[in-house]
Amino acid sequence: MPGPRPRSGRAGAWAELLRLPALFTVPGDALAGAAAAGARPGPRTLLAIGSSLCLYEAGMALNDWADRAEDAVERPHRPLPSGRIRPAAALTAAGALTGAGLALAARAGRPALAVATPLAATVWAYDLKLKHTPAGPVAMAAARGLDLLLGAAATGGASRAALPSAALLGSHTLAVTAVSRRETTGGSVLAPLAALATTGALTRLVGRRTRLLAGRRAAAAPGLPGSSPHQDPSRTTGALLTALGAAYAATAACPYAHAALNPSPPLTQRAVGGGIRATIPLQAALAARSGATTTSLLVAALAPAGRMFARRAGMRKVSIT
């Protein structure tokens with residue numbers, strides 16, 4: 001009896017090129033940004049999420065277009081070197097998705113567009129020039145941080161209050177990207193060790209809840225801490241932060257430790273996947289840290305949804321390279 005056929009159709013090739021399971025790590029950027037700005041998510045937040053998704057996918061398509069010669073040697077199974085997608089089609093998709101992302105940001109308002117424009121520029125600079133330079137991880141971290149600020153700018157019109165959350169998320173992304181640079185060759189002990197240390201530091205920092213201004217509490221959605229007279233906001237938020245911090249540490253730390261002990265390509269790839277998946281509980285913790293419990297739980301729900309989608313799509317491996 002014949003076994004299951006591989007996902008070799010056109011739709012499957014595009015799903016692989018665009019790394020669809022990784023999309024579940026994107027909406028939490030804008031939602032955490034809105035929470036950090038003390039604003040309730042609304043239609044402009046949805047526009048920011050749409051912009052983020054488009055720009056993220058533009059980066060994925062452009063990444064494989066820029067690396068098509070390298071992938072022909074190291075990853076010949078990928079859509080471009082295998083011939084399932086033409087390079088011109090991938091480049092066209094990257095351009096179209098970038099345009100769509102900027103258009104959605106413009107609909108969200110001038111502050112959002114002012115953040116989305118350097119975000120798009122950073123994505124293209126990383127894929128075309130910076131990826132294989134020492135500045136690569138920094139550029140990737142900047143892109144994630146800007147993505148969080150995009151949600152803050154679109155929702156609240158100001159992003160200064162979200163800078164600490166953007167810095168924490170960017171630090172995590174910097175660590176993951178540094179590990180990913182040896183994804184196919186392995187051999188790096190320092191990168192996963194540094195990522196492990198970063199995870200510990202971020203877990204500690206995220207656990208320190210920020211103090212919300214009175215005006216932020218007034219703007220908070222129903223169901224956020226302080227909305228119920230029968231609920232202790234500090235206790236509820238503290239318990240949620242502890243749980244999310246533990247989830248973040250468990251998701252990222254174990255694969256990093258394994259890769260540090262045995263920096264083989266398979267374990268390095270697993271460490272990168274763990275770091276990417278850990279983005280969601282980190283985003284949720286950042287939202288909870290700002291007092292947005294409901295938003296935090298919504299972001300946390302993206303993690304099981306992403307795992308379910310990956311299983312059904314037969315795409316369990318996730319990569320940012």
# chains A, B, ... in the order shown; residues from 1 in each chain; ligands from 1
$ residues_around --residues "A:Ala166" --least-positions-apart "4" --cutoff "12 Å" --atoms "only C-alpha atoms" --output "MDAnalysis selection string"
chainID A and resid 28:37 141:152 159:162 170:174 206 282:283 286:287
$ write_last_selection --atoms "C-alpha atoms" --output "PDB file, in the first residue's frame"
ATOM      1  CA  GLY A  28       1.522  39.087  19.178  1.00  0.00           C
ATOM      2  CA  ASP A  29       3.959  41.849  18.210  1.00  0.00           C
ATOM      3  CA  ALA A  30       1.204  44.380  17.508  1.00  0.00           C
ATOM      4  CA  LEU A  31      -0.930  43.207  20.421  1.00  0.00           C
ATOM      5  CA  ALA A  32       1.964  43.463  22.878  1.00  0.00           C
ATOM      6  CA  GLY A  33       2.752  46.896  21.450  1.00  0.00           C
ATOM      7  CA  ALA A  34      -0.815  48.084  21.969  1.00  0.00           C
ATOM      8  CA  ALA A  35      -0.725  46.788  25.547  1.00  0.00           C
ATOM      9  CA  ALA A  36       2.579  48.529  26.229  1.00  0.00           C
ATOM     10  CA  ALA A  37       1.116  51.795  24.934  1.00  0.00           C
ATOM     11  CA  ALA A 141      16.230  42.184  16.243  1.00  0.00           C
ATOM     12  CA  ALA A 142      15.487  45.716  15.070  1.00  0.00           C
ATOM     13  CA  ALA A 143      12.788  44.407  12.737  1.00  0.00           C
ATOM     14  CA  ARG A 144      11.010  42.588  15.578  1.00  0.00           C
ATOM     15  CA  GLY A 145      11.266  45.599  17.829  1.00  0.00           C
ATOM     16  CA  LEU A 146       9.869  47.870  15.126  1.00  0.00           C
ATOM     17  CA  ASP A 147       7.033  45.423  14.551  1.00  0.00           C
ATOM     18  CA  LEU A 148       5.997  45.761  18.193  1.00  0.00           C
ATOM     19  CA  LEU A 149       6.262  49.546  17.947  1.00  0.00           C
ATOM     20  CA  LEU A 150       4.037  49.386  14.858  1.00  0.00           C
ATOM     21  CA  GLY A 151       1.219  47.994  16.987  1.00  0.00           C
ATOM     22  CA  ALA A 152       1.744  50.707  19.585  1.00  0.00           C
ATOM     23  CA  SER A 159       5.236  54.339  20.625  1.00  0.00           C
ATOM     24  CA  ARG A 160       7.620  55.733  23.266  1.00  0.00           C
ATOM     25  CA  ALA A 161       5.936  53.815  26.095  1.00  0.00           C
ATOM     26  CA  ALA A 162       6.438  50.576  24.163  1.00  0.00           C
ATOM     27  CA  GLY A 170      14.413  42.422  20.152  1.00  0.00           C
ATOM     28  CA  SER A 171      16.913  40.871  22.578  1.00  0.00           C
ATOM     29  CA  HIS A 172      15.180  37.517  22.253  1.00  0.00           C
ATOM     30  CA  THR A 173      15.196  37.785  18.456  1.00  0.00           C
ATOM     31  CA  LEU A 174      18.882  38.714  18.472  1.00  0.00           C
ATOM     32  CA  VAL A 206       9.626  40.196  32.026  1.00  0.00           C
ATOM     33  CA  LEU A 282       7.223  36.070  25.473  1.00  0.00           C
ATOM     34  CA  GLN A 283       4.777  38.347  23.637  1.00  0.00           C
ATOM     35  CA  LEU A 286       4.937  41.377  27.705  1.00  0.00           C
ATOM     36  CA  ALA A 287       1.206  42.070  27.340  1.00  0.00           C
TER      37      ALA A 287
END
$ select_by_dssp --residues "stretch 14-96 of chain A" --states "helix (DSSP H, G or I)" --output "NGL selection string"
:A and (14-17 or 20-25 or 27-36 or 43-66 or 68-74 or 87-96)
$ write_last_selection --atoms "C-alpha atoms" --output "PDB file, in the first residue's frame"
ATOM      1  CA  TRP A  14       4.199  28.470  -1.431  1.00  0.00           C
ATOM      2  CA  ALA A  15       3.268  27.458   2.104  1.00  0.00           C
ATOM      3  CA  GLU A  16       6.814  26.171   2.553  1.00  0.00           C
ATOM      4  CA  LEU A  17       8.378  29.267   1.008  1.00  0.00           C
ATOM      5  CA  LEU A  20       3.140  29.691   7.203  1.00  0.00           C
ATOM      6  CA  PRO A  21       3.399  28.112  10.689  1.00  0.00           C
ATOM      7  CA  ALA A  22       5.718  30.953  11.728  1.00  0.00           C
ATOM      8  CA  LEU A  23       2.947  33.453  10.984  1.00  0.00           C
ATOM      9  CA  PHE A  24       1.396  32.656  14.354  1.00  0.00           C
ATOM     10  CA  THR A  25       4.360  34.424  15.984  1.00  0.00           C
ATOM     11  CA  PRO A  27       0.156  39.052  15.635  1.00  0.00           C
ATOM     12  CA  GLY A  28       1.522  39.087  19.178  1.00  0.00           C
ATOM     13  CA  ASP A  29       3.959  41.849  18.210  1.00  0.00           C
ATOM     14  CA  ALA A  30       1.204  44.380  17.508  1.00  0.00           C
ATOM     15  CA  LEU A  31      -0.930  43.207  20.421  1.00  0.00           C
ATOM     16  CA  ALA A  32       1.964  43.463  22.878  1.00  0.00           C
ATOM     17  CA  GLY A  33       2.752  46.896  21.450  1.00  0.00           C
ATOM     18  CA  ALA A  34      -0.815  48.084  21.969  1.00  0.00           C
ATOM     19  CA  ALA A  35      -0.725  46.788  25.547  1.00  0.00           C
ATOM     20  CA  ALA A  36       2.579  48.529  26.229  1.00  0.00           C
ATOM     21  CA  PRO A  43      -9.539  48.297  14.113  1.00  0.00           C
ATOM     22  CA  ARG A  44      -6.208  50.090  13.733  1.00  0.00           C
ATOM     23  CA  THR A  45      -4.528  47.283  15.659  1.00  0.00           C
ATOM     24  CA  LEU A  46      -5.962  44.811  13.159  1.00  0.00           C
ATOM     25  CA  LEU A  47      -4.535  46.911  10.333  1.00  0.00           C
ATOM     26  CA  ALA A  48      -1.160  46.852  12.067  1.00  0.00           C
ATOM     27  CA  ILE A  49      -1.364  43.054  12.384  1.00  0.00           C
ATOM     28  CA  GLY A  50      -2.199  42.804   8.677  1.00  0.00           C
ATOM     29  CA  SER A  51       0.742  45.036   7.828  1.00  0.00           C
ATOM     30  CA  SER A  52       3.050  42.950  10.023  1.00  0.00           C
ATOM     31  CA  LEU A  53       1.921  39.709   8.408  1.00  0.00           C
ATOM     32  CA  CYS A  54       2.520  41.080   4.910  1.00  0.00           C
ATOM     33  CA  LEU A  55       5.969  42.435   5.748  1.00  0.00           C
ATOM     34  CA  TYR A  56       6.943  39.208   7.503  1.00  0.00           C
ATOM     35  CA  GLU A  57       5.941  37.132   4.491  1.00  0.00           C
ATOM     36  CA  ALA A  58       7.735  39.544   2.182  1.00  0.00           C
ATOM     37  CA  GLY A  59      10.860  38.851   4.194  1.00  0.00           C
ATOM     38  CA  MET A  60      10.414  35.090   3.900  1.00  0.00           C
ATOM     39  CA  ALA A  61      10.003  35.223   0.101  1.00  0.00           C
ATOM     40  CA  LEU A  62      12.899  37.650  -0.303  1.00  0.00           C
ATOM     41  CA  ASN A  63      15.092  35.528   1.972  1.00  0.00           C
ATOM     42  CA  ASP A  64      14.809  32.494  -0.271  1.00  0.00           C
ATOM     43  CA  TRP A  65      15.234  34.574  -3.415  1.00  0.00           C
ATOM     44  CA  ALA A  66      18.451  36.097  -2.070  1.00  0.00           C
ATOM     45  CA  ARG A  68      18.746  30.644  -3.884  1.00  0.00           C
ATOM     46  CA  ALA A  69      22.356  29.855  -4.889  1.00  0.00           C
ATOM     47  CA  GLU A  70      23.346  28.916  -1.340  1.00  0.00           C
ATOM     48  CA  ASP A  71      20.189  26.846  -0.871  1.00  0.00           C
ATOM     49  CA  ALA A  72      20.932  24.937  -4.086  1.00  0.00           C
ATOM     50  CA  VAL A  73      23.920  23.460  -2.237  1.00  0.00           C
ATOM     51  CA  GLU A  74      22.781  23.335   1.390  1.00  0.00           C
ATOM     52  CA  PRO A  87      12.836  32.933  -8.482  1.00  0.00           C
ATOM     53  CA  ALA A  88      11.051  35.732 -10.359  1.00  0.00           C
ATOM     54  CA  ALA A  89       7.755  34.722  -8.769  1.00  0.00           C
ATOM     55  CA  ALA A  90       9.285  34.816  -5.280  1.00  0.00           C
ATOM     56  CA  LEU A  91      10.780  38.272  -5.886  1.00  0.00           C
ATOM     57  CA  THR A  92       7.477  39.550  -7.265  1.00  0.00           C
ATOM     58  CA  ALA A  93       5.660  38.206  -4.219  1.00  0.00           C
ATOM     59  CA  ALA A  94       8.146  39.944  -1.919  1.00  0.00           C
ATOM     60  CA  GLY A  95       7.548  43.269  -3.653  1.00  0.00           C
ATOM     61  CA  ALA A  96       3.761  42.888  -3.687  1.00  0.00           C
TER      62      ALA A  96
END
$ closest_residue --among "A:Ser180, A:Leu168, A:Tyr256, A:Ala305" --to "A:Ala285" --atoms "only C-alpha atoms"
A:Leu168
$ atom_distance --atom1 "atom CA of A:Thr203" --atom2 "atom CA of A:Ala178"
18.8 Å
$ decode --residues "stretch 29-40 of chain A" --atoms "all heavy atoms" --output "short mmCIF file (atom, residue, chain, number, x, y, z; two decimals), in the first residue's frame"
data_model
loop_
_atom_site.label_atom_id
_atom_site.label_comp_id
_atom_site.auth_asym_id
_atom_site.auth_seq_id
_atom_site.Cartn_x
_atom_site.Cartn_y
_atom_site.Cartn_z
N ASP A 29 3.14 40.63 18.21
CA ASP A 29 3.96 41.85 18.21
C ASP A 29 3.07 43.09 18.36
O ASP A 29 3.28 43.92 19.25
CB ASP A 29 4.76 41.96 16.91
CG ASP A 29 5.88 40.95 16.82
OD1 ASP A 29 6.18 40.31 17.84
OD2 ASP A 29 6.46 40.81 15.72
N ALA A 30 2.08 43.21 17.48
CA ALA A 30 1.20 44.38 17.51
C ALA A 30 0.37 44.41 18.78
O ALA A 30 0.14 45.48 19.36
CB ALA A 30 0.30 44.39 16.28
N LEU A 31 -0.10 43.25 19.22
CA LEU A 31 -0.93 43.21 20.42
C LEU A 31 -0.12 43.58 21.67
O LEU A 31 -0.60 44.31 22.54
CB LEU A 31 -1.55 41.82 20.57
CG LEU A 31 -2.60 41.46 19.52
CD1 LEU A 31 -2.99 40.00 19.62
CD2 LEU A 31 -3.83 42.35 19.66
N ALA A 32 1.11 43.09 21.75
CA ALA A 32 1.96 43.46 22.88
C ALA A 32 2.31 44.95 22.81
O ALA A 32 2.43 45.62 23.85
CB ALA A 32 3.25 42.63 22.87
N GLY A 33 2.48 45.48 21.60
CA GLY A 33 2.75 46.90 21.45
C GLY A 33 1.59 47.76 21.90
O GLY A 33 1.78 48.77 22.58
N ALA A 34 0.37 47.35 21.53
CA ALA A 34 -0.81 48.08 21.97
C ALA A 34 -0.93 48.07 23.49
O ALA A 34 -1.24 49.09 24.12
CB ALA A 34 -2.07 47.48 21.33
N ALA A 35 -0.65 46.90 24.09
CA ALA A 35 -0.73 46.79 25.55
C ALA A 35 0.31 47.68 26.21
O ALA A 35 0.04 48.36 27.21
CB ALA A 35 -0.52 45.33 25.97
N ALA A 36 1.51 47.71 25.65
CA ALA A 36 2.58 48.53 26.23
C ALA A 36 2.26 50.02 26.13
O ALA A 36 2.67 50.81 26.98
CB ALA A 36 3.90 48.24 25.53
N ALA A 37 1.51 50.40 25.09
CA ALA A 37 1.12 51.79 24.93
C ALA A 37 -0.09 52.14 25.80
O ALA A 37 -0.51 53.30 25.83
CB ALA A 37 0.80 52.08 23.47
N GLY A 38 -0.65 51.15 26.50
CA GLY A 38 -1.80 51.39 27.36
C GLY A 38 -3.08 51.62 26.60
O GLY A 38 -4.01 52.26 27.10
N ALA A 39 -3.17 51.11 25.37
CA ALA A 39 -4.34 51.33 24.53
C ALA A 39 -5.10 50.03 24.31
O ALA A 39 -4.51 48.95 24.29
CB ALA A 39 -3.93 51.92 23.18
N ARG A 40 -6.41 50.14 24.14
CA ARG A 40 -7.22 48.97 23.88
C ARG A 40 -7.14 48.61 22.40
O ARG A 40 -7.30 49.46 21.54
CB ARG A 40 -8.68 49.26 24.27
CG ARG A 40 -9.62 48.09 24.03
CD ARG A 40 -10.96 48.36 24.67
NE ARG A 40 -11.52 49.63 24.24
CZ ARG A 40 -12.58 50.20 24.82
NH1 ARG A 40 -13.15 49.63 25.86
NH2 ARG A 40 -13.04 51.35 24.37
#
